[in-house]
file model_25.csv (CSV, C-alpha atoms)
chain,number,residue,atom,x,y,z
A,9,MET,CA,22.4,77.8,-71.5
A,10,GLN,CA,22.4,80.7,-74.0
A,11,ARG,CA,24.9,81.7,-76.7
A,12,TYR,CA,26.8,84.9,-76.8
A,13,ASP,CA,25.2,88.0,-78.5
A,14,SER,CA,27.6,88.0,-81.5
A,15,TYR,CA,30.4,85.9,-83.0
A,16,LYS,CA,33.3,86.5,-85.4
A,17,ASP,CA,35.2,84.3,-87.8
A,18,SER,CA,38.5,83.4,-86.1
A,19,GLY,CA,40.2,83.1,-89.5
A,20,ILE,CA,41.5,79.7,-88.4
A,21,GLN,CA,39.6,76.7,-89.8
A,22,TRP,CA,40.0,74.5,-86.8
A,23,LEU,CA,38.8,77.2,-84.4
A,24,GLY,CA,35.9,78.4,-86.5
A,25,GLU,CA,33.6,81.1,-85.1
A,26,ILE,CA,34.4,82.6,-81.6
A,27,PRO,CA,32.6,85.2,-79.5
A,28,SER,CA,33.2,88.7,-80.9
A,29,HIS,CA,35.0,90.0,-77.8
A,30,TRP,CA,37.3,87.0,-77.3
A,31,GLU,CA,41.0,87.2,-78.4
A,32,MET,CA,43.6,84.8,-79.7
A,33,GLN,CA,47.2,84.7,-78.8
A,34,ARG,CA,50.1,82.3,-79.6
A,35,THR,CA,51.1,80.2,-76.6
A,36,LYS,CA,54.7,81.5,-76.7
A,37,TYR,CA,53.3,84.9,-75.4
A,38,ILE,CA,51.3,83.1,-72.6
A,39,TRP,CA,53.7,80.4,-71.4
A,40,ARG,CA,57.5,80.3,-71.0
A,41,GLU,CA,59.3,77.0,-70.6
A,42,THR,CA,61.1,76.6,-67.2
A,43,ASP,CA,63.8,74.1,-66.4
A,44,THR,CA,64.5,74.0,-62.6
A,45,ARG,CA,65.9,70.7,-61.4
A,46,SER,CA,65.6,69.0,-58.0
A,47,GLU,CA,68.8,69.0,-56.0
A,48,ASN,CA,68.1,65.9,-54.0
A,49,GLY,CA,64.9,64.3,-55.5
A,50,SER,CA,63.1,64.5,-52.2
A,51,GLU,CA,60.0,66.3,-53.5
A,52,GLN,CA,56.6,64.7,-54.3
A,53,LEU,CA,56.7,62.7,-57.6
A,54,LEU,CA,54.0,63.8,-60.0
A,55,SER,CA,52.7,61.9,-63.0
A,56,VAL,CA,50.8,63.2,-66.1
A,57,SER,CA,47.7,61.2,-67.0
A,58,GLN,CA,46.0,61.6,-70.3
A,59,TYR,CA,42.7,61.1,-68.4
A,60,ASP,CA,42.9,63.7,-65.7
A,61,GLY,CA,46.1,65.6,-66.1
A,62,VAL,CA,48.8,66.2,-63.4
A,63,ARG,CA,48.4,64.1,-60.3
A,64,GLU,CA,50.4,62.7,-57.4
A,65,SER,CA,52.1,59.5,-58.5
A,66,LYS,CA,50.9,56.3,-56.9
A,67,SER,CA,54.1,54.4,-57.7
A,68,ASP,CA,56.6,56.6,-56.0
A,69,SER,CA,58.8,53.7,-54.8
A,70,ARG,CA,62.1,55.7,-54.8
A,71,SER,CA,63.9,52.7,-56.0
A,72,GLU,CA,66.1,55.1,-58.0
A,73,SER,CA,67.3,58.6,-57.3
A,74,LEU,CA,65.0,61.4,-58.6
A,75,LYS,CA,67.8,63.9,-58.4
A,76,GLY,CA,67.7,66.1,-61.5
A,77,TYR,CA,64.0,65.7,-62.1
A,78,LYS,CA,62.2,68.9,-63.1
A,79,LEU,CA,60.5,70.9,-60.4
A,80,VAL,CA,56.8,71.9,-60.9
A,81,LYS,CA,54.9,74.6,-59.0
A,82,GLN,CA,51.2,75.0,-58.6
A,83,SER,CA,49.5,76.6,-61.7
A,84,GLU,CA,52.4,75.5,-64.0
A,85,LEU,CA,51.7,73.5,-67.2
A,86,VAL,CA,53.3,70.1,-67.6
A,87,ILE,CA,53.4,68.4,-71.0
A,88,ASN,CA,54.5,64.9,-71.8
A,89,ILE,CA,55.8,65.8,-75.3
A,90,MET,CA,55.2,62.2,-76.6
A,91,LEU,CA,51.5,62.1,-75.4
A,92,ALA,CA,50.4,65.7,-75.8
A,93,TRP,CA,48.2,64.8,-78.8
A,94,LEU,CA,46.5,62.1,-76.6
A,95,GLY,CA,45.9,64.5,-73.6
A,96,GLY,CA,49.1,63.9,-71.7
A,97,LEU,CA,49.3,67.4,-70.3
A,98,GLY,CA,47.7,69.5,-67.6
A,99,VAL,CA,48.0,72.4,-65.2
A,100,SER,CA,49.3,71.2,-61.9
A,101,LYS,CA,47.5,71.8,-58.6
A,102,TYR,CA,50.5,70.3,-56.8
A,103,GLU,CA,54.1,71.1,-56.2
A,104,GLY,CA,56.5,68.4,-56.9
A,105,LEU,CA,58.7,67.0,-59.7
A,106,VAL,CA,58.3,65.2,-63.0
A,107,SER,CA,60.4,63.3,-65.5
A,108,PRO,CA,63.2,65.3,-67.1
A,109,ALA,CA,61.7,64.2,-70.5
A,110,TYR,CA,58.6,66.4,-69.8
A,111,CYS,CA,58.2,70.1,-70.5
A,112,VAL,CA,57.2,72.5,-67.8
A,113,TYR,CA,55.8,76.0,-68.5
A,114,LYS,CA,55.0,79.0,-66.3
A,115,LEU,CA,52.6,81.8,-67.1
A,116,ILE,CA,54.0,85.1,-68.3
A,117,SER,CA,50.6,86.5,-69.1
A,118,LYS,CA,47.7,87.3,-66.7
A,119,GLN,CA,45.4,84.4,-67.5
A,120,ASN,CA,43.6,81.8,-65.4
A,121,PRO,CA,45.7,78.7,-65.8
A,122,TYR,CA,42.9,76.3,-65.0
A,123,PHE,CA,40.8,77.7,-67.8
A,124,LEU,CA,43.7,76.9,-70.1
A,125,HIS,CA,43.9,73.4,-68.6
A,126,TYR,CA,40.3,72.8,-69.7
A,127,LEU,CA,40.9,74.4,-73.1
A,128,TYR,CA,44.1,72.5,-74.0
A,129,ARG,CA,42.4,69.1,-73.3
A,130,THR,CA,39.5,69.6,-75.7
A,131,PRO,CA,39.4,67.4,-78.8
A,132,MET,CA,40.1,70.4,-81.1
A,133,TYR,CA,43.3,71.3,-79.3
A,134,LEU,CA,44.5,67.7,-79.0
A,135,SER,CA,44.0,67.5,-82.8
A,136,GLU,CA,46.1,70.7,-83.2
A,137,PHE,CA,48.8,69.3,-80.9
A,138,ALA,CA,48.8,66.2,-83.2
A,139,ARG,CA,49.3,68.4,-86.2
A,140,ARG,CA,52.1,70.3,-84.4
A,141,SER,CA,53.9,67.0,-83.4
A,142,SER,CA,56.7,65.5,-85.5
A,143,GLY,CA,57.7,61.9,-85.9
A,144,ILE,CA,57.5,59.0,-88.4
A,145,VAL,CA,54.7,57.1,-86.6
A,146,PRO,CA,52.2,58.2,-83.9
A,147,SER,CA,54.0,56.2,-81.2
A,148,ARG,CA,57.1,58.4,-81.8
A,149,TRP,CA,55.3,61.8,-82.3
A,150,ARG,CA,56.7,64.6,-80.1
A,151,MET,CA,55.5,68.2,-79.7
A,152,TYR,CA,58.5,70.3,-78.9
A,153,SER,CA,58.3,73.8,-77.2
A,154,ASP,CA,58.8,75.7,-80.4
A,155,ASP,CA,55.8,73.8,-82.0
A,156,PHE,CA,53.7,74.4,-78.9
A,157,GLY,CA,54.6,78.0,-78.9
A,158,GLU,CA,52.9,78.5,-82.3
A,159,VAL,CA,49.5,77.2,-81.2
A,160,LEU,CA,46.8,79.8,-81.0
A,161,THR,CA,45.1,80.0,-77.6
A,162,LEU,CA,41.5,81.3,-77.2
A,163,LEU,CA,41.4,84.0,-74.5
A,164,PRO,CA,38.1,85.3,-73.1
A,165,PRO,CA,38.5,88.3,-70.8
A,166,LEU,CA,39.9,87.2,-67.4
A,167,PRO,CA,36.6,87.6,-65.5
A,168,GLU,CA,35.0,85.2,-68.0
A,169,GLN,CA,37.9,82.7,-67.7
A,170,GLN,CA,37.4,82.7,-63.9
A,171,ALA,CA,33.6,82.2,-64.3
A,172,ILE,CA,34.0,79.4,-66.8
A,173,THR,CA,36.5,77.7,-64.6
A,174,SER,CA,34.3,77.9,-61.6
A,175,TYR,CA,31.3,76.6,-63.5
A,176,LEU,CA,33.2,73.7,-65.0
A,177,ASP,CA,34.8,72.8,-61.6
A,178,THR,CA,31.3,72.4,-60.2
A,179,ALA,CA,29.7,70.7,-63.2
A,180,THR,CA,32.5,68.2,-63.8
A,181,ALA,CA,32.7,67.4,-60.1
A,182,LYS,CA,29.0,66.3,-60.1
A,183,ILE,CA,29.6,64.2,-63.2
A,184,ASP,CA,32.7,62.6,-61.7
A,185,GLU,CA,30.8,61.7,-58.6
A,186,ALA,CA,28.1,60.0,-60.7
A,187,ILE,CA,30.8,58.1,-62.6
A,188,ALA,CA,32.4,57.1,-59.3
A,189,GLN,CA,29.1,55.7,-58.1
A,190,GLN,CA,28.6,53.7,-61.3
A,191,GLN,CA,32.2,52.4,-61.0
A,192,LYS,CA,31.6,51.4,-57.4
A,193,MET,CA,28.6,49.4,-58.7
A,194,ILE,CA,30.8,47.7,-61.2
A,195,ASP,CA,33.4,46.8,-58.6
A,196,LEU,CA,30.7,45.3,-56.4
A,197,LEU,CA,29.3,43.3,-59.3
A,198,ASN,CA,32.7,42.0,-60.2
A,199,GLU,CA,33.2,41.0,-56.5
A,200,ARG,CA,29.9,39.1,-56.7
A,201,LYS,CA,31.1,37.3,-59.9
A,202,GLN,CA,34.3,36.3,-58.1
A,203,ILE,CA,32.3,34.8,-55.2
A,204,ILE,CA,30.0,32.9,-57.5
A,205,ILE,CA,33.0,31.4,-59.4
A,206,ASN,CA,34.8,30.5,-56.2
A,207,ASN,CA,31.8,28.8,-54.7
A,208,ALA,CA,31.1,26.9,-57.8
A,209,VAL,CA,34.5,25.4,-58.3
A,210,THR,CA,35.1,24.7,-54.6
A,211,LYS,CA,31.6,23.6,-53.5
A,212,GLY,CA,30.1,22.3,-56.7
A,213,LEU,CA,26.4,22.6,-57.4
A,214,ASN,CA,25.5,22.3,-53.7
A,215,PRO,CA,26.4,25.5,-51.9
A,216,ASN,CA,25.7,23.7,-48.6
A,217,ALA,CA,28.0,20.8,-49.4
A,218,LYS,CA,30.0,19.6,-46.4
A,219,MET,CA,33.6,20.6,-46.9
A,220,LYS,CA,36.4,18.0,-46.8
A,221,PRO,CA,39.5,18.5,-44.6
A,222,SER,CA,41.3,20.0,-47.7
A,223,GLY,CA,38.8,22.8,-47.6
A,224,ILE,CA,36.8,21.9,-50.7
A,225,GLY,CA,33.9,19.6,-51.6
A,226,THR,CA,35.5,17.8,-54.5
A,227,ASN,CA,38.6,15.8,-55.2
A,228,ARG,CA,41.9,17.6,-55.6
A,229,ILE,CA,44.8,16.5,-57.8
A,230,LYS,CA,47.9,18.2,-59.2
A,231,LEU,CA,47.1,20.3,-62.2
A,232,LEU,CA,49.8,18.2,-64.1
A,233,TYR,CA,47.6,15.1,-63.8
A,234,ALA,CA,44.4,16.8,-65.1
A,235,VAL,CA,45.8,18.1,-68.4
A,236,ASP,CA,47.6,16.8,-71.5
A,237,ASN,CA,50.0,19.7,-71.8
A,238,ILE,CA,51.3,22.7,-69.9
A,239,SER,CA,53.7,24.5,-72.2
A,240,ASP,CA,55.3,27.8,-73.1
A,241,VAL,CA,57.5,29.0,-75.9
A,242,ASP,CA,61.2,30.1,-76.1
A,243,HIS,CA,62.2,33.4,-74.6
A,244,TYR,CA,62.4,34.9,-78.1
A,245,MET,CA,60.7,38.1,-79.2
A,246,PRO,CA,59.8,37.8,-82.9
A,247,ASN,CA,59.4,40.8,-85.2
A,248,ASP,CA,56.0,42.2,-85.9
A,249,VAL,CA,54.7,41.8,-89.4
A,250,ILE,CA,51.6,42.9,-91.3
A,251,ASN,CA,48.9,40.2,-91.9
A,252,GLY,CA,50.9,37.6,-89.9
A,253,ILE,CA,49.8,35.1,-87.3
A,254,PRO,CA,48.5,36.5,-84.0
A,255,TYR,CA,51.1,36.6,-81.2
A,256,ILE,CA,49.3,36.9,-77.9
A,257,MET,CA,50.9,38.6,-74.9
A,258,THR,CA,49.5,39.2,-71.4
A,259,GLY,CA,48.0,42.5,-72.4
A,260,ASP,CA,45.8,40.8,-75.0
A,261,LEU,CA,44.1,38.6,-72.4
A,262,LYS,CA,40.9,40.3,-71.3
A,263,GLU,CA,39.9,39.1,-67.9
A,264,ALA,CA,36.5,40.7,-67.9
A,265,THR,CA,35.3,38.9,-71.0
A,266,SER,CA,37.4,35.8,-71.1
A,267,MET,CA,38.1,36.8,-74.7
A,268,ILE,CA,41.5,37.4,-76.5
A,269,ASN,CA,42.0,40.8,-78.0
A,270,PHE,CA,43.0,39.9,-81.6
A,271,SER,CA,42.4,43.4,-82.9
A,272,GLY,CA,45.3,45.0,-81.0
A,273,CYS,CA,47.8,42.1,-80.8
A,274,LYS,CA,51.1,41.6,-82.5
A,275,HIS,CA,51.5,39.4,-85.6
A,276,ILE,CA,54.5,37.3,-86.6
A,277,SER,CA,55.7,35.5,-89.7
A,278,LYS,CA,54.8,31.9,-90.6
A,279,GLN,CA,58.5,31.0,-90.1
A,280,ASP,CA,58.5,32.3,-86.5
A,281,TYR,CA,55.2,30.6,-85.8
A,282,GLU,CA,56.5,27.2,-86.9
A,283,ARG,CA,59.6,27.7,-84.8
A,284,LEU,CA,57.7,28.7,-81.7
A,285,SER,CA,54.8,26.2,-81.9
A,286,LYS,CA,57.0,23.1,-82.0
A,287,LYS,CA,56.1,22.4,-78.3
A,288,HIS,CA,52.4,22.8,-78.7
A,289,LYS,CA,49.9,24.2,-81.3
A,290,ILE,CA,47.1,26.0,-79.6
A,291,LYS,CA,43.7,24.5,-80.3
A,292,LYS,CA,40.1,25.2,-79.4
A,293,GLY,CA,39.4,24.3,-75.8
A,294,ASP,CA,42.8,25.3,-74.5
A,295,VAL,CA,43.3,27.8,-71.7
A,296,ILE,CA,45.9,30.6,-71.8
A,297,LEU,CA,47.2,31.8,-68.5
A,298,ALA,CA,49.4,34.8,-67.8
A,299,ARG,CA,52.5,33.9,-65.7
A,300,TYR,CA,54.2,37.2,-65.8
A,301,ALA,CA,53.0,40.7,-64.6
A,302,THR,CA,49.2,40.1,-64.5
A,303,ILE,CA,49.7,36.6,-63.0
A,304,GLY,CA,46.5,34.5,-63.1
A,305,THR,CA,44.7,36.4,-65.9
A,306,ALA,CA,43.2,33.6,-68.0
A,307,CYS,CA,41.4,33.3,-71.4
A,308,TYR,CA,39.5,30.3,-72.9
A,309,VAL,CA,40.3,29.6,-76.5
A,310,ASP,CA,37.0,29.3,-78.3
A,311,THR,CA,38.3,29.7,-81.9
A,312,ASP,CA,40.2,27.7,-84.4
A,313,ILE,CA,42.3,30.7,-85.5
A,314,GLU,CA,46.0,29.9,-85.7
A,315,MET,CA,47.9,31.7,-82.9
A,316,ILE,CA,50.9,31.5,-80.6
A,317,VAL,CA,51.3,33.0,-77.1
A,318,SER,CA,54.4,34.7,-75.8
A,319,TYR,CA,56.7,33.3,-73.1
A,320,SER,CA,54.9,35.5,-70.6
A,321,CYS,CA,51.9,33.1,-70.8
A,322,VAL,CA,51.4,29.3,-70.7
A,323,THR,CA,49.0,27.2,-72.7
A,324,ILE,CA,47.1,24.5,-70.9
A,325,SER,CA,45.4,21.7,-72.7
A,326,PRO,CA,42.9,19.8,-70.5
A,327,ASN,CA,42.7,16.0,-70.6
A,328,LYS,CA,39.2,15.6,-71.9
A,329,GLN,CA,38.8,12.3,-70.0
A,330,ILE,CA,39.3,14.2,-66.8
A,331,MET,CA,38.5,17.9,-67.3
A,332,GLU,CA,36.4,20.3,-69.3
A,333,GLY,CA,38.3,23.3,-70.7
A,334,LYS,CA,35.7,25.8,-69.7
A,335,TYR,CA,35.6,24.3,-66.1
A,336,LEU,CA,39.4,24.6,-66.0
A,337,TYR,CA,39.2,28.2,-67.2
A,338,TYR,CA,36.8,29.1,-64.4
A,339,TYR,CA,38.9,27.3,-61.8
A,340,LEU,CA,41.9,29.3,-62.8
A,341,LYS,CA,39.9,32.5,-62.3
A,342,SER,CA,38.9,31.4,-58.8
A,343,LYS,CA,40.4,32.9,-55.6
A,344,HIS,CA,41.1,29.4,-54.5
A,345,PHE,CA,43.6,28.8,-57.4
A,346,LYS,CA,45.1,32.3,-56.9
A,347,ASP,CA,45.7,31.6,-53.2
A,348,ASP,CA,47.3,28.2,-54.1
A,349,ILE,CA,49.6,29.7,-56.7
A,350,TYR,CA,50.7,32.7,-54.6
A,351,PRO,CA,53.5,30.9,-52.7
A,352,TYR,CA,55.1,29.9,-56.0
A,353,ILE,CA,55.4,33.5,-57.3
A,354,ASN,CA,59.0,34.7,-57.8
A,355,SER,CA,58.8,38.3,-56.7
A,356,ASN,CA,62.0,39.4,-58.5
A,357,THR,CA,61.3,42.4,-60.8
A,358,GLN,CA,57.8,42.1,-62.1
A,359,GLY,CA,57.1,38.6,-60.6
A,360,ASN,CA,56.5,35.4,-62.4
A,361,VAL,CA,55.5,31.8,-62.0
A,362,GLY,CA,57.6,28.9,-63.4
A,363,LEU,CA,56.2,26.1,-65.4
A,364,ASP,CA,57.3,23.5,-62.9
A,365,SER,CA,55.6,25.4,-60.1
A,366,LEU,CA,52.3,25.5,-62.1
A,367,LYS,CA,52.4,21.7,-62.4
A,368,ARG,CA,52.5,21.3,-58.7
A,369,VAL,CA,49.4,23.4,-58.0
A,370,TYR,CA,46.3,21.4,-57.1
A,371,VAL,CA,43.0,21.7,-58.8
A,372,SER,CA,39.5,20.6,-57.7
A,373,VAL,CA,38.1,17.9,-60.0
A,374,PRO,CA,34.5,16.8,-59.7
A,375,SER,CA,33.1,14.4,-62.3
A,376,LEU,CA,32.9,15.4,-65.9
A,377,ILE,CA,29.1,15.5,-65.7
A,378,GLU,CA,29.2,17.8,-62.7
A,379,GLN,CA,31.9,20.0,-64.4
A,380,LYS,CA,29.5,20.5,-67.3
A,381,GLU,CA,26.6,21.3,-65.1
A,382,ILE,CA,28.7,23.7,-63.0
A,383,VAL,CA,29.8,25.5,-66.2
A,384,LEU,CA,26.2,25.8,-67.5
A,385,ARG,CA,24.9,27.2,-64.2
A,386,LEU,CA,27.9,29.5,-63.8
A,387,GLU,CA,27.5,31.0,-67.2
A,388,ASP,CA,23.8,31.6,-66.6
A,389,ASP,CA,24.5,33.4,-63.3
A,390,LEU,CA,27.5,35.3,-64.7
A,391,ARG,CA,25.6,36.3,-67.9
A,392,LYS,CA,23.1,38.2,-65.8
A,393,LEU,CA,25.8,40.0,-63.9
A,394,SER,CA,27.8,40.7,-67.0
A,395,ASN,CA,24.7,42.3,-68.7
A,396,THR,CA,24.3,44.6,-65.7
A,397,ILE,CA,28.0,45.5,-65.8
A,398,LEU,CA,27.8,46.2,-69.5
A,399,ASN,CA,24.8,48.5,-69.1
A,400,THR,CA,26.5,50.3,-66.2
A,401,THR,CA,29.7,50.7,-68.3
A,402,LYS,CA,27.6,52.3,-71.1
A,403,GLN,CA,26.2,54.8,-68.5
A,404,ILE,CA,29.8,55.7,-67.5
A,405,THR,CA,30.6,56.2,-71.2
A,406,LEU,CA,27.6,58.5,-71.7
A,407,LEU,CA,28.5,60.5,-68.6
A,408,GLN,CA,32.1,60.9,-69.8
A,409,GLU,CA,30.8,62.0,-73.2
A,410,ARG,CA,28.5,64.5,-71.5
A,411,LYS,CA,31.3,65.9,-69.5
A,412,GLN,CA,33.5,66.4,-72.6
A,413,ILE,CA,30.6,68.1,-74.5
A,414,ILE,CA,30.0,70.5,-71.6
A,415,ILE,CA,33.7,71.4,-71.3
A,416,ASN,CA,34.1,71.8,-75.1
A,417,ASP,CA,31.0,74.0,-75.5
A,418,VAL,CA,31.9,76.3,-72.7
A,419,VAL,CA,35.7,76.9,-73.2
A,420,THR,CA,35.2,77.4,-77.0
A,421,GLY,CA,32.4,79.9,-76.6
A,422,LYS,CA,29.6,77.9,-78.1
A,423,VAL,CA,27.6,78.6,-75.0
A,424,LYS,CA,27.8,81.4,-72.5
A,425,VAL,CA,28.5,81.1,-68.8
A,426,THR,CA,26.8,83.9,-66.8
A,427,LEU,CA,29.2,86.0,-64.7
call {"tool": "encode", "arguments": {"input": "model_25.csv", "output": "structure tokens"}}
result
Amino acid sequence: MQRYDSYKDSGIQWLGEIPSHWEMQRTKYIWRETDTRSENGSEQLLSVSQYDGVRESKSDSRSESLKGYKLVKQSELVINIMLAWLGGLGVSKYEGLVSPAYCVYKLISKQNPYFLHYLYRTPMYLSEFARRSSGIVPSRWRMYSDDFGEVLTLLPPLPEQQAITSYLDTATAKIDEAIAQQQKMIDLLNERKQIIINNAVTKGLNPNAKMKPSGIGTNRIKLLYAVDNISDVDHYMPNDVINGIPYIMTGDLKEATSMINFSGCKHISKQDYERLSKKHKIKKGDVILARYATIGTACYVDTDIEMIVSYSCVTISPNKQIMEGKYLYYYLKSKHFKDDIYPYINSNTQGNVGLDSLKRVYVSVPSLIEQKEIVLRLEDDLRKLSNTILNTTKQITLLQERKQIIINDVVTGKVKVTL
């Protein structure tokens, strides 16, 4: 694609050079905030995603009244004022309603709203929204209407806006389709991993093994008798401190890698650690299992780092005379275990599994020698699949980056779209 014939200095550092015939206007002359409320809350609930803008909500349970939520019409701009700087905004293609905490704007100038949708979600505009937001820390930043109104908006002539929008709709749809195909491949590979794990811990090393009446090819005993300890901590939420001891919550357990996300976890004081770790100090070889929210998500502890897990998880220490920690980790990831634990899930609110219930769940226990052999073979098979998943994920990242570059170059005038 070619560049425009001539450019001019916008006079604004973050905008830089723009095509000579393009204009700039403050958003307060383009958009006007509207505040029309739903009388009965019966309209379609919409959400605002930082990844793809306004969309129909997938979690419209209507457990509470939506009366008084803000109405949104097609082509109106919706901004989550707390996440504007992260892309929590977009022009709606739907009619519906959004949270009263969001801002809704209607066009008061003759512009293509979907061109503006692409423009406002570019990195340069998100950075400007961050500068226009106020708050002590990023998690509390808010961009209010008066601040948004002062943002300068790039405005090509309307025919160019329409051509740019049409071009981007086509180009991004192709990239999105390619991403969807890659994601489908990842989903299939993850399903294959699950099948391999399930077969290994229920049939052992011989996939053709004759199944016992219990439905598995190995002995089954209650989890309680295969471990030294199944423990949790008090329902106490300690304060976060700098340079403290890692405090692991369900969101820090990474199912796909079996690893704990230490980089993003909370940290607590030594005093809180000593108080909470009285029941059990986590050690290498333990398994951490989520028992709230993402029930069944598990991680294997392969480090000697001092840590504690929240009451939303349990720590399981295998009896090394009976069970290998890595084998237990894989068993807890199996469909067989998840099927066994399902009847014990308390479905109140977010759902949870009690400690006593976990102790009653059965686990398949082949000999220690076979457990070690199962783990070795499993990790060899899973490593191949994981490498393929990693490469496919990298392809998705490259496609997403390519999509963003195309959008950014076109809506900021770095390259020209032919009318």
call {"tool": "closest_residue", "arguments": {"input": "model_25.csv", "among": "A:Leu23, A:Cys307, A:Met151, A:Met257", "to": "Met245 (chain A)", "atoms": "all atoms listed in the file"}}
result
A:Met257
call {"tool": "closest_atom_pairs", "arguments": {"input": "model_25.csv", "of": "region 356-421 of chain A", "to": "region 176-193 of chain A", "cutoff": "12 Å", "atoms": "only C-alpha atoms", "output": "Markdown table"}}
result
| residue | atom | partner | partner_atom | distance |
| --- | --- | --- | --- | --- |
| A:Leu393 | CA | A:Met193 | CA | 11.1 |
| A:Thr396 | CA | A:Met193 | CA | 9.5 |
| A:Ile397 | CA | A:Met193 | CA | 8.1 |
| A:Leu398 | CA | A:Gln190 | CA | 11.1 |
| A:Asn399 | CA | A:Gln190 | CA | 10.1 |
| A:Thr400 | CA | A:Gln190 | CA | 6.3 |
| A:Thr401 | CA | A:Gln190 | CA | 7.7 |
| A:Lys402 | CA | A:Gln190 | CA | 9.9 |
| A:Gln403 | CA | A:Gln190 | CA | 7.7 |
| A:Ile404 | CA | A:Ile187 | CA | 5.5 |
| A:Thr405 | CA | A:Ile187 | CA | 8.8 |
| A:Leu406 | CA | A:Ile187 | CA | 9.7 |
| A:Leu407 | CA | A:Ile183 | CA | 6.6 |
| A:Gln408 | CA | A:Ile183 | CA | 7.8 |
| A:Glu409 | CA | A:Ile183 | CA | 10.3 |
| A:Arg410 | CA | A:Ile183 | CA | 8.4 |
| A:Lys411 | CA | A:Thr180 | CA | 6.3 |
| A:Gln412 | CA | A:Thr180 | CA | 9.0 |
| A:Ile413 | CA | A:Thr180 | CA | 10.9 |
| A:Ile414 | CA | A:Leu176 | CA | 8.0 |
| A:Ile415 | CA | A:Leu176 | CA | 6.7 |
| A:Asn416 | CA | A:Leu176 | CA | 10.3 |
| A:Asp417 | CA | A:Leu176 | CA | 10.7 |
| A:Val418 | CA | A:Leu176 | CA | 8.2 |
| A:Val419 | CA | A:Leu176 | CA | 9.2 |
call {"tool": "residues_near_point", "arguments": {"input": "model_25.csv", "point": "(55.7, 65.4, -60.5)", "cutoff": "6 Å", "atoms": "only C-alpha atoms", "output": "ChimeraX atom specification"}}
result
/A:53-55,104-106
call {"tool": "closest_residue", "arguments": {"input": "model_25.csv", "among": "A:Tyr319, A:Tyr102, A:Tyr77, A:Tyr233", "to": "Tyr300 (chain A)", "atoms": "all atoms listed in the file"}}
result
A:Tyr319
call {"tool": "closest_residue", "arguments": {"input": "model_25.csv", "among": "A:Arg45, A:Arg40, A:Arg391, A:Lys262", "to": "Thr302 (chain A)", "atoms": "all atoms listed in the file"}}
result
A:Lys262
call {"tool": "closest_residue", "arguments": {"input": "model_25.csv", "among": "A:Pro165, A:Pro374, A:Gly293, A:Gly359", "to": "Ile330 (chain A)", "atoms": "all atoms listed in the file"}}
result
A:Pro374
call {"tool": "atom_distance", "arguments": {"input": "model_25.csv", "atom1": "CA of Gln329 (chain A)", "atom2": "CA of Asp310 (chain A)"}}
result
19.0 Å
call {"tool": "closest_residue", "arguments": {"input": "model_25.csv", "among": "A:Val309, A:Met9, A:Ile172, A:Leu94", "to": "Arg139 (chain A)", "atoms": "only C-alpha atoms"}}
result
A:Leu94
call {"tool": "closest_residue", "arguments": {"input": "model_25.csv", "among": "A:Pro254, A:Pro108, A:Pro326, A:Gly259", "to": "Thr305 (chain A)", "atoms": "all atoms listed in the file"}}
result
A:Gly259
call {"tool": "atom_distance", "arguments": {"input": "model_25.csv", "atom1": "CA of Asn120 (chain A)", "atom2": "CA of Thr161 (chain A)"}}
result
12.4 Å
call {"tool": "atom_distance", "arguments": {"input": "model_25.csv", "atom1": "CA of Val317 (chain A)", "atom2": "CA of Lys274 (chain A)"}}
result
10.2 Å
call {"tool": "residues_around", "arguments": {"input": "model_25.csv", "residues": "Val235 (chain A)", "least_positions_apart": "6", "cutoff": "8 Å", "atoms": "all atoms listed in the file", "output": "list in words"}}
result
Ile324, Ser325, Pro326, Asn327, Lys328, Ile330 and Met331 of chain A
call {"tool": "residues_around", "arguments": {"input": "model_25.csv", "residues": "Asp155 (chain A)", "least_positions_apart": "3", "cutoff": "10 Å", "atoms": "only C-alpha atoms", "output": "ChimeraX atom specification"}}
result
/A:35-36,137,139-142,150-152,158-159
call {"tool": "residues_around", "arguments": {"input": "model_25.csv", "residues": "Asp348 (chain A)", "least_positions_apart": "2", "cutoff": "10 Å", "atoms": "all atoms listed in the file", "output": "count of residues only"}}
result
12
call {"tool": "decode", "arguments": {"input": "model_25.csv", "residues": "region 344-349 of chain A", "atoms": "N, CA and C atoms", "output": "short mmCIF file (atom, residue, chain, number, x, y, z; two decimals), in the first residue's frame"}}
result
data_model
loop_
_atom_site.label_atom_id
_atom_site.label_comp_id
_atom_site.auth_asym_id
_atom_site.auth_seq_id
_atom_site.Cartn_x
_atom_site.Cartn_y
_atom_site.Cartn_z
N HIS A 344 -11.53 -38.50 34.90
CA HIS A 344 -12.02 -39.48 35.86
C HIS A 344 -12.16 -38.84 37.25
N PHE A 345 -11.12 -38.11 37.66
CA PHE A 345 -11.18 -37.45 38.97
C PHE A 345 -12.27 -36.38 38.98
N LYS A 346 -12.35 -35.60 37.91
CA LYS A 346 -13.34 -34.52 37.88
C LYS A 346 -14.76 -35.07 37.89
N ASP A 347 -14.95 -36.22 37.26
CA ASP A 347 -16.28 -36.86 37.31
C ASP A 347 -16.59 -37.33 38.73
N ASP A 348 -15.57 -37.85 39.42
CA ASP A 348 -15.77 -38.34 40.79
C ASP A 348 -16.07 -37.21 41.77
N ILE A 349 -15.45 -36.07 41.53
CA ILE A 349 -15.60 -34.97 42.49
C ILE A 349 -16.89 -34.18 42.25
#
